[in-house]
Amino acid sequence: MRVIMTHENADFDAIASLLGASKLFPGAVPLLPRRVNRNCLDFLALYGAELPLIDQDDRPHGRIDRAILVDTQGLNMLKGMARDTVVDVIDHHGESANLPSGWTYSGEPLGATTTLLVEAISARGLRMSSIEATLLMLGIYEDTGSLLYESTTARDIRASAWLLERGARLAVVDKFLHHPLTPGQRELYELLMEQSETHEVGGHTIVIACAAAHGVEEEISTLAHRLRELLEPAALFVLVDLGGRIQLVARSTTDDVDVAVLAAQFGGGGHSRAAAALIEGRRMDTVREELLDMLPSIVRPSTQVSEIMSRGVQVLQADETIAAAAHRMRRTGHEGYPIVQDGKVIGLLTRRDVDRALQFEMGDAAVSQVMNVGSISVSPNDSVERLRALMIESGWGQIPVVEQDEIVGVVTRTDLITLWGAPPQASQRQDVGHLLENALSPPVLSLVHRISVQSRQMGVVPHFVGGLVRDLLLGHPIVDIDLVIEGDAIALARQVSADLGGRVRSHRQFGTAKWLLSERVWRQLGAGSPTEGNLPKSIDFVTARTEFYTHPTALPEVETSSIKPDLQRRDFTINTLAIRLDPEHWGELLDFYGGESDLTNGIIRVMHSLSFVDDPTRMLRAARLEARLGFQLDPHSERLINNALPLVRRVSGPRILHELELIFNEAEPERALSRLDQLGILRHIQSDLRYDNWIEEKYTAVRRDLDTAAWYASDSSPQAFLHMALLVYRLDSESLDQFIERLHIRRDEAQALRQSLDLRQILPALRTAKLPSEIDSLLSPYPASVLAIHWIAVDDALTRQRLLRYQFEWRHVQSEITGEDLIGMGLHPSPQFGSLLRAVRAARLDGQVSSREEEIDMVRKLLHGEGSRSDSPQRTDCPDPCD
């Protein structure tokens, strides 16, 4: 049995996360905690019958195999749990350093855990009722202060908008977030307001509110929530004396104040933004003083001036002329300069000051006459909050940064705006259409334009997406032409085929079509010869779709959608770029998820925090893209891989094999395998798989030394199998069988892998053999593909030489006489024919016979018992026939 759990004293984010996880993990039982906040209880009293949430006393009995924790990283043990119960954590707070070994963690810093789950629900295209959407919105709104807390992210807002589109009712959200206080709560709230005090610590505003409420059992967390909304501090600490014990409730709105650390000092716990402690046997005044003493050690100073300032500032001396200052401003583009005298800041000169002075023909006057007078400056260690206050107070838009009486830089209003977050920049690639014209050959470009025109007539929108767009922007060659269509892809493919020729194969279930391009198509488009110019043989048309997963590691189910959800389902941001191809928007680059920025910066970034949970094969894909593009996983995506590693074992063997084969077919597969080893993925596929210098050397040798056309049939593609065989070359028989069974290796390749292991056992005999016929007898059972593996893998020069001579010389040696000659000698066909011909071939291999006449003579001697092969004359022109 699987259960979904959250923390006690559950708020709306916790309850909503139970619901969200239950939709993502069908079959798992979402259990309500025993203590739930009053506004949540009132909501459940009205709407709980429409929700799948179960009281703990009503849960099914039986063994609990897996627990999914949401909005918490602490587990309350239940009956039915054991030490081997699998625990998966989904939380919007950073991973705890104390998370038990073996637990998996999925999460990232967002305003609410509900947001993580809503994103996954949206990506899978799951449906929900209006009540469910409202509860999920309550989860986001309560933890983000109705999207007003600093911890709110754009993703929280997008998730809320998506819920609103699905029927979330804002009136209900408002009602339960502004639930009326009980008379006891209101009295306590007023006391806390009256006795609240404000402190500045590390550039942050900290509020401490104390009150006595002996014998009162009120829900203090709700009061802390309201105080935080009203006072808007960086952190709030509420201390309530309950008579013999003090309740501490702490809330933070910034990563710079980790309230869980402070609560732990008082024997409590929680996470960085919300924590609590029940303090026994202490006086209020001593607890308050102790809390104040702790604050400097747990409050990290806010962003410092040194992090946003510009260094190497230019200054003007007080006696420089206004005309000289104007000339410098025009040349440098600077809007202002600090004015110094004897090394001290005495004022600020702005462009506005200069322009006004020049209007009054004061170009020869000293800048000190028109500057803003003052010795205003900040230190590199000052907080941005102090800088902001100083700018407001002085009206200066540029503040000099002074360290040890020396001006070391300047900080401006623009620096603050950049810090707060500028709006997303427009794409830097304004001429994507021009890139397409350069990247595609004229016939292919003409074909795409024909599709574009037809799409407008049919009211559908074609796009290039994913890897093609990525490679186009990177300047890589365009190999395959695939189109994603907003609309009916199959209908569009059939229409262009009817106009230009070719055949269409379609799959209505998936909304896909493959247009097989004939020579007639290319001739109509001006291709001199369809076989020249590397023209594609087909084009795929795919209807825009969204995917959803019924459970982790499952294959996705799909539904028709618009282009944005189609891009959202993809693995990494760099694969979410699209180019519109309809005539009115030809070449328009669509970048909803920051893919162009990550492409520019060389970053592989996963789309959402549950992406590797949904499809663990994306881990292998990430390593392959890193290696191929020379990019790097962003730290968060790498952490998500580490957290989801145990899920690799749940993925079917054929899916793992497919991803490995893609890696084995890369130009330098060892780069991706090295990354798989670093990330721990290889050992989660099979514990004894490893990458080391030996693998690197052998893969390099494949490219450098192996003439595949000579070793293999010309129409074969041995690269993937050869790389796989070298990866498992050093496994013993049991481990090799595990590998074959785990990945469902194809029968012919499995046989070759086992033959390779057998051949490894006879390598010592191969080295000590004296005659070519002995070597032939040892190696003849093995195909060239197996021999090639060992020619690369073996380091011994003599063994490699013998493998090579067998493959290219001895394997092809045949006797000149045949069975017809034996009949001509008066023999009747019998098994003896084979023995005689094998003996003759062995003699020819060993140099004992070299002509047809010698072969016939040898047969006669064998028939008359006049000697054996060893009695035949030995050729003496090769001292060692084997070498």
# chains A, B, ... in the order shown; residues from 1 in each chain; ligands from 1

call {"tool": "residues_around", "arguments": {"residues": "Leu262 (chain A)", "least_positions_apart": "4", "cutoff": "9 Å", "atoms": "only C-alpha atoms", "output": "number ranges by chain"}}
result
A: 250, 258, 266, 268-269, 275, 291, 294-295, 298

call {"tool": "residues_around", "arguments": {"residues": "region 343-347 of chain A", "least_positions_apart": "6", "cutoff": "7 Å", "atoms": "only C-alpha atoms", "output": "PyMOL selection string"}}
result
chain A and resi 371-375

call {"tool": "closest_residue", "arguments": {"among": "A:Arg650, A:Arg273, A:His214, A:Arg155", "to": "Ala235 (chain A)", "atoms": "only C-alpha atoms"}}
result
A:Arg273

call {"tool": "residues_around", "arguments": {"residues": "region 760-768 of chain A", "least_positions_apart": "2", "cutoff": "6 Å", "atoms": "only C-alpha atoms", "output": "PyMOL selection string"}}
result
chain A and resi 757-758+799

call {"tool": "select_by_dssp", "arguments": {"residues": "region 146-381 of chain A", "states": "alpha helix (DSSP H)", "output": "MDAnalysis selection string"}}
result
chainID A and resid 154:165 170:177 183:194 220:231 259:265 284:298 322:332 351:359

call {"tool": "closest_residue", "arguments": {"among": "A:Thr412, A:Thr700, A:Ser383, A:Thr153", "to": "Gly203 (chain A)", "atoms": "only C-alpha atoms"}}
result
A:Ser383

call {"tool": "residues_around", "arguments": {"residues": "Ala842 (chain A)", "least_positions_apart": "5", "cutoff": "12 Å", "atoms": "only C-alpha atoms", "output": "count of residues only"}}
result
25

call {"tool": "closest_residue", "arguments": {"among": "A:Ala357, A:Gly409, A:Leu126, A:Thr222", "to": "Val315 (chain A)", "atoms": "only C-alpha atoms"}}
result
A:Gly409

call {"tool": "residues_around", "arguments": {"residues": "region 38-55 of chain A", "least_positions_apart": "6", "cutoff": "10 Å", "atoms": "only C-alpha atoms", "output": "PyMOL selection string"}}
result
chain A and resi 4+9-16+18-19+22-23+29-32+129+131-132+135+138+172-173+175-181+219+222

call {"tool": "closest_residue", "arguments": {"among": "A:Glu596, A:Glu486, A:Asp431, A:Asp614", "to": "Asp571 (chain A)", "atoms": "only C-alpha atoms"}}
result
A:Asp614

call {"tool": "closest_atom_pairs", "arguments": {"of": "region 627-658 of chain A", "to": "region 669-688 of chain A", "cutoff": "9 Å", "atoms": "only C-alpha atoms", "output": "JSON lines"}}
result
{"residue": "A:Ala627", "atom": "CA", "partner": "A:Ala672", "partner_atom": "CA", "distance": 5.2}
{"residue": "A:Arg628", "atom": "CA", "partner": "A:Ala672", "partner_atom": "CA", "distance": 7.9}
{"residue": "A:Glu638", "atom": "CA", "partner": "A:Leu679", "partner_atom": "CA", "distance": 7.9}
{"residue": "A:Ile641", "atom": "CA", "partner": "A:Leu679", "partner_atom": "CA", "distance": 7.6}
{"residue": "A:Asn642", "atom": "CA", "partner": "A:Leu679", "partner_atom": "CA", "distance": 7.0}
{"residue": "A:Leu645", "atom": "CA", "partner": "A:Ile681", "partner_atom": "CA", "distance": 6.6}
{"residue": "A:Pro646", "atom": "CA", "partner": "A:His684", "partner_atom": "CA", "distance": 6.9}
{"residue": "A:Leu647", "atom": "CA", "partner": "A:His684", "partner_atom": "CA", "distance": 8.6}
{"residue": "A:Val648", "atom": "CA", "partner": "A:His684", "partner_atom": "CA", "distance": 6.2}
{"residue": "A:Arg649", "atom": "CA", "partner": "A:Ile685", "partner_atom": "CA", "distance": 6.3}
{"residue": "A:Ile656", "atom": "CA", "partner": "A:Ile685", "partner_atom": "CA", "distance": 8.0}

call {"tool": "residues_around", "arguments": {"residues": "Ile407 (chain A)", "least_positions_apart": "3", "cutoff": "10 Å", "atoms": "only C-alpha atoms", "output": "mmCIF file with N, CA and C atoms, in the first residue's frame"}}
result
data_model
loop_
_atom_site.group_PDB
_atom_site.id
_atom_site.type_symbol
_atom_site.label_atom_id
_atom_site.label_comp_id
_atom_site.auth_asym_id
_atom_site.auth_seq_id
_atom_site.Cartn_x
_atom_site.Cartn_y
_atom_site.Cartn_z
ATOM 1 N N ARG A 311 32.660 48.578 -10.302
ATOM 2 C CA ARG A 311 33.986 48.970 -9.788
ATOM 3 C C ARG A 311 34.721 49.818 -10.821
ATOM 4 N N GLY A 312 35.824 50.438 -10.368
ATOM 5 C CA GLY A 312 36.626 51.261 -11.266
ATOM 6 C C GLY A 312 35.909 52.541 -11.659
ATOM 7 N N VAL A 313 35.251 53.185 -10.691
ATOM 8 C CA VAL A 313 34.452 54.366 -10.974
ATOM 9 C C VAL A 313 35.339 55.542 -11.405
ATOM 10 N N GLN A 314 34.793 56.354 -12.299
ATOM 11 C CA GLN A 314 35.457 57.586 -12.686
ATOM 12 C C GLN A 314 34.911 58.735 -11.846
ATOM 13 N N VAL A 315 35.779 59.649 -11.494
ATOM 14 C CA VAL A 315 35.375 60.795 -10.672
ATOM 15 C C VAL A 315 35.829 62.082 -11.353
ATOM 16 N N PRO A 338 30.779 61.226 -9.289
ATOM 17 C CA PRO A 338 31.082 61.763 -7.967
ATOM 18 C C PRO A 338 32.125 62.890 -8.092
ATOM 19 N N VAL A 340 35.083 64.937 -6.187
ATOM 20 C CA VAL A 340 35.985 64.725 -5.055
ATOM 21 C C VAL A 340 36.904 65.930 -4.883
ATOM 22 N N GLY A 343 40.551 63.774 -2.206
ATOM 23 C CA GLY A 343 40.234 62.362 -2.033
ATOM 24 C C GLY A 343 38.922 62.089 -1.346
ATOM 25 N N LYS A 344 38.152 63.122 -0.980
ATOM 26 C CA LYS A 344 36.885 62.951 -0.279
ATOM 27 C C LYS A 344 35.725 63.295 -1.208
ATOM 28 N N VAL A 345 34.631 62.568 -1.084
ATOM 29 C CA VAL A 345 33.435 62.859 -1.856
ATOM 30 C C VAL A 345 32.775 64.102 -1.290
ATOM 31 N N SER A 377 27.796 58.456 0.768
ATOM 32 C CA SER A 377 28.456 57.267 0.217
ATOM 33 C C SER A 377 27.981 56.045 0.994
ATOM 34 N N VAL A 378 28.292 54.888 0.428
ATOM 35 C CA VAL A 378 28.020 53.631 1.117
ATOM 36 C C VAL A 378 29.288 52.797 1.116
ATOM 37 N N SER A 379 29.288 51.806 1.977
ATOM 38 C CA SER A 379 30.402 50.860 2.042
ATOM 39 C C SER A 379 30.052 49.623 1.219
ATOM 40 N N PRO A 400 28.381 56.901 -4.528
ATOM 41 C CA PRO A 400 29.753 56.388 -4.510
ATOM 42 C C PRO A 400 29.908 55.313 -3.429
ATOM 43 N N VAL A 401 30.747 54.358 -3.728
ATOM 44 C CA VAL A 401 31.068 53.292 -2.775
ATOM 45 C C VAL A 401 32.477 53.547 -2.265
ATOM 46 N N VAL A 402 32.604 53.717 -0.955
ATOM 47 C CA VAL A 402 33.876 54.096 -0.354
ATOM 48 C C VAL A 402 34.336 53.005 0.595
ATOM 49 N N GLU A 403 35.602 52.654 0.486
ATOM 50 C CA GLU A 403 36.216 51.659 1.368
ATOM 51 C C GLU A 403 37.575 52.178 1.798
ATOM 52 N N GLN A 404 37.769 52.290 3.115
ATOM 53 C CA GLN A 404 39.013 52.804 3.678
ATOM 54 C C GLN A 404 39.386 54.162 3.059
ATOM 55 N N VAL A 410 30.741 52.627 -7.776
ATOM 56 C CA VAL A 410 29.504 53.379 -7.720
ATOM 57 C C VAL A 410 28.362 52.396 -7.879
#

call {"tool": "atom_distance", "arguments": {"atom1": "CA of Leu242 (chain A)", "atom2": "CA of Ala213 (chain A)"}}
result
5.2 Å

call {"tool": "closest_residue", "arguments": {"among": "A:Arg860, A:Lys564, A:His434, A:Arg413", "to": "Arg545 (chain A)", "atoms": "only C-alpha atoms"}}
result
A:Lys564

call {"tool": "closest_residue", "arguments": {"among": "A:Leu660, A:Leu759, A:Leu148, A:Ala489", "to": "Thr512 (chain A)", "atoms": "only C-alpha atoms"}}
result
A:Ala489

call {"tool": "atom_distance", "arguments": {"atom1": "CA of Arg245 (chain A)", "atom2": "CA of Ile208 (chain A)"}}
result
17.6 Å

call {"tool": "select_by_dssp", "arguments": {"residues": "region 42-97 of chain A", "states": "strand (DSSP E)", "output": "VMD selection string"}}
result
chain A and resid 54 to 55 66 to 70 86 to 91

call {"tool": "atom_distance", "arguments": {"atom1": "CA of Ile604 (chain A)", "atom2": "CA of Ala667 (chain A)"}}
result
19.5 Å
